[in-house]
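The next block holds one structure in the form of structure tokens; read it before the comments.
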Amino acid sequence: MQNLLDLLNPEQIAAVTLPSQSALILAGAGSGKTRVLTTRIAWLMKTGQIAPDGVLAVTFTNKAAREVVSRVNSLIPFDAHSMWIGTFHGLCHRLLRTHYRDAALPPSFHILDVPAQLSLIKRLLKRHGIHEEHYPPRDILHHINRAKEKGLRAGDEAGSDDYSRGLSEVYALYEAQCQREGAVDFAELLLRSYELLSRNQPLRTHYQTRFRHILVDEFQDTNDLQYRWLRLIAESGAAIFAVGDDDQSIYAFRGANVGNMFAFQQDFRVQHIIRLEQNYRSHGNILSAANELIAHNSNRLGKNLYTDAALGEPVRVMALASDWEEAQYLVEEVRQLARDGIALRDMAILYRANAQSRVIEHAFFGANIPYRVHGGLRFFERVEIRHAMAYLQLMDNPHNDSAFLRVVNFPSRGIGLRSIEQLQACAQQHDVSLYAAIPLLPGRPGKALQAFFSLIEEMRAALHTLPLPRVVEEVIGQSALKAHYQSEKGGADRVENLAQLSGAAALFLAEENIPQDTPALFVARAQAESAPASGVPGEGVSDTYSVEVSPLAAFLTHASLESGEGQAVEGEDALQMMTVHSAKGLEFSVVFITGLEEGLFPHENSAGEEKGLEEERRLMYVAITRARHRLYLSYAQTRSLHGSMRYHIRSRFLGELPASAMQWSKKSNDNAVAYQPSQSASLPVQQAAALPHAEWRIGETVRHPKFGEGVIVRLEGWGSNNPSAHIHFGRQGTKQLDLTVAKLEHAG
DNA sequence: GTTCCACGCGTTTTT
DNA sequence: CGCGTGGAAC
């Protein structure tokens, strides 16, 4: 027990060992927030206050959830499946799968992502003769999502004017269609499970009794519905351990409500507020820049970071003539840093908007410096993957109209608009899915349509015998997707991605501990009828998950809930480029914050009102606190944006930083003297040897002389720094192999 | 039924 | 400037 707390400071220990009451932990940037959260869970278990299945821990991203699982596991080994650790959406999904009947959902319900939502809305508008100019699909989508986040169903949310009545009508149509198709969108996952628990008393009591401790990460990012969901589960006296930082609230634009932190203190009569203010990440000058900036915000819960670290270097501010010169400047600095031995992956270039990355990428591409842009198109968002996934969705449930429409004529097989309109009319008339309507068509279905029907039928027949990765291969082959992209001019990448999809499926099976040769439609019923936990009220409630879910269905869910950022090519040592938003939660030795200009950062759309400006300032605060040792701030006088040239003055945020911590320079046009990149001798050097094993890919199948074939689940270490691979060898389990020693071959 | 060009639009984003 | 959508021509 003692050793659990050994590495913590007094405030952290106080937080970890709080009594079983609701508490608010105000955790500043770099103050060891995740460590406190995970140690709290381990401490609760170690002191016998709770069993693993009594813990509910909620995060916002899958990455954060995995981090919590693995860190708790390293503190105190437990059965990862017994504990409910996940994202709000993931946990709600689990709830709905387990109790789909009570939630009035079909067993095969599927998740609707944003593009699918939009296409559904467009279809409805067309069918009901509503013009998109009057009701833009994006606005409708926004309306529906916001309504659901407020807990409102169609009709409850109608305003008094014609327009909002119209919105409400479309909302009603949308709800009905989703119910018919068995489609559940992201907000619906939350709302549905909220309603399920609030209406079903035995179920509610069951979970309220089960979860005595609820831990919430990034509490400042919760929206109203998530907060109500938490309140409902904690209603009968569970303790909520809320960890958050109001100064890092940067998602108000998508419904996050920092006000929940204030509401939480009152609603739960919070007696313990603990501030974690010691920062373990940044040098002193960087930290005082952050502190002084954020002090310009009113409406804070109040917090001031301090550090034991030295002042370090001053924060460098650079003025440049144009965005192009800014990019050149970045290249020169990065080059120098790399020469001095700083690993590229330990440097990040941050910007406010994605559009800014173009010039910068161009410069680094020209300079031949490897870089990685985060937050671009993720694996499961690529068109070719979306098409393949639509076929897989039809394999699982051919009555999924959205999936059907996506691929019925892709690759083109001669099924045009006319045939589809006929089919839609027929389906509506008989009140069945498009797929089911094919045999019902008046006269006989066209040859092309009939062929498509047979294609789907045949492929579905194979599901009972073929394992998932093989099904994926069959689908992209037989649907002619692969052939289509092979014959397309720039299609090589797409073919490659399609090939990787079966690797992703294999990887998924490995991670879920499903044997690689399990048929895609095999349903594990072994645990389905297990008895409810003993002595728990809410009798007859079984909360065992994995009920009636096949590998295929599970994979589809995985793809919708997790967009696949992790699958990107890691491994190579590359400079990191991303928006400030996506940098949240990360840290780098060297950080460049670029485009510090009025109109860009703070952004012109937000600078108008105080609330918007304060969020921009928090965004800047997040950006600054990403840096460990060196921070660069830069701005340009001219910038080409949307094709035309714009003139900017420097950001007001630069004026809000402490002069004593800064070092200003400028590189003007009339200065012919070659610019001298800064010396970086004072920075801690981390060896940046090239990774000799970039040839290995996560998800790839490999062969090992002793263990046979396996799937790479994880790659670790760079260059000389113990590069290793975690490989899942079916029944022999997962092994961690040293890549410099292991004799591996590419397989499959 | 398919392909191609013109038009419009352009914070931030996870699930 | 560069993308995605949608209408119009092959």
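Going by the structure tokens order, chains are called A, B, ..., each with residues numbered from 1, while ligands are numbered from 1 in the order shown.
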Would you pick out the contacts of range 7-9 of chain C at 10 Å or less, using only C-alpha atoms (C1' of nucleotides), so that residues sharing its chain but fewer than 5 positions from it are not included, and give the list as a PDB file with C-alpha atoms (C1' of nucleotides), in the first residue's frame?
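Printed below is part-v8.pdb as written:
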```
ATOM      1  C1'  DT B   3     -18.554  11.616 -66.306  1.00  0.00           C
ATOM      2  C1'  DC B   4     -17.105  16.069 -65.991  1.00  0.00           C
ATOM      3  C1'  DC B   5     -16.922  20.880 -64.857  1.00  0.00           C
ATOM      4  C1'  DA B   6     -18.733  24.958 -62.355  1.00  0.00           C
TER       5       DA B   6
END
```
Next item on the list: Using only C-alpha atoms (C1' of nucleotides), determine which residues of chain A fall within 8 Å of chain C; present them as a list of chain:residue names.
Entry: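 Listing them in order of chain and number gives A:Leu641, A:His642, A:Gly643.
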Next item on the list: Kindly provide, as a list in words, the residues of chain A having any atom no farther than 7 Å from an atom of chain B, counting only C-alpha atoms (C1' of nucleotides).
Entry: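 That gives the following set of residues: Thr61, His89, Phe186, Ala353, Gly414, Gly416, Leu561, His581 and His642 of chain A.
By only C-alpha atoms (C1' of nucleotides), and with residues fewer than 3 positions from Ala338 in chain A along its chain excluded, the set lying at most 10 Å from it is Glu332, Glu333, Val334, Arg335, Gly341, Ile342, Ala343, Leu344, Asp346, Met347, Ile369, Leu575, Ser680, Val685 and Ala688 of chain A.
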Residues of the last selection are to be written out with C-alpha atoms, as a compact mmCIF listing (two decimals), in the first residue's frame.
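Result written to out-v3.txt:
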```
# COMPACT_ATOMS: atom_id res chain seq x y z
CA GLU A 332 15.68 26.21 -39.83
CA GLU A 333 14.98 25.92 -36.12
CA VAL A 334 13.89 22.31 -36.36
CA ARG A 335 16.98 21.49 -38.39
CA GLY A 341 20.23 15.70 -31.00
CA ILE A 342 16.61 16.48 -30.15
CA ALA A 343 14.38 13.75 -31.51
CA LEU A 344 11.92 14.96 -34.13
CA ASP A 346 9.77 15.37 -29.33
CA MET A 347 9.03 18.57 -31.24
CA ILE A 369 12.35 16.49 -42.83
CA LEU A 575 8.13 15.98 -36.36
CA SER A 680 20.10 24.32 -28.17
CA VAL A 685 19.11 15.44 -25.38
CA ALA A 688 17.09 10.34 -31.97
```
Check: Distance CA of Ala289 in chain A-CA of Trp664 in chain A, one decimal place?
Finding: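 Computing it gives 13.8 Å between the two atoms.
Straight-line separation from CA of Leu293 in chain A to CA of Ser582 in chain A: 20.4 Å.
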Check: CA of Phe404 in chain A and CA of Leu91 in chain A are how many Å apart?
Finding: 28.1 Å
Next item on the list: Can you check which residues of range 44-223 of chain A DSSP gives as alpha helix (DSSP H) on the backbone and send them as a ChimeraX atom specification?
Entry: /A:44-46,62-75,88-98,114-127,137-149,162-181,186-199,201-210
Margin query: Set the distance at 6 Å and use only C-alpha atoms (C1' of nucleotides): which residues neighbour range 64-81 of chain A once local chain neighbours fewer than 5 positions away are removed? I'd like the list as a PyMOL selection string.
Written below: chain A and resi 38+42+59+86
Next item on the list: Once DSSP has gone over the backbone, tell me which residues of range 232-280 of chain A are in strand (DSSP E), as a ChimeraX atom specification.
Entry: /A:239-244,272-276
Note to self: Which residues are near range 104-107 of chain A? Cut-off 7 Å, only C-alpha atoms (C1' of nucleotides), ignore same chain within fewer than 3 positions. Put them as a PyMOL selection string.
What the structure shows: chain A and resi 100-101+182
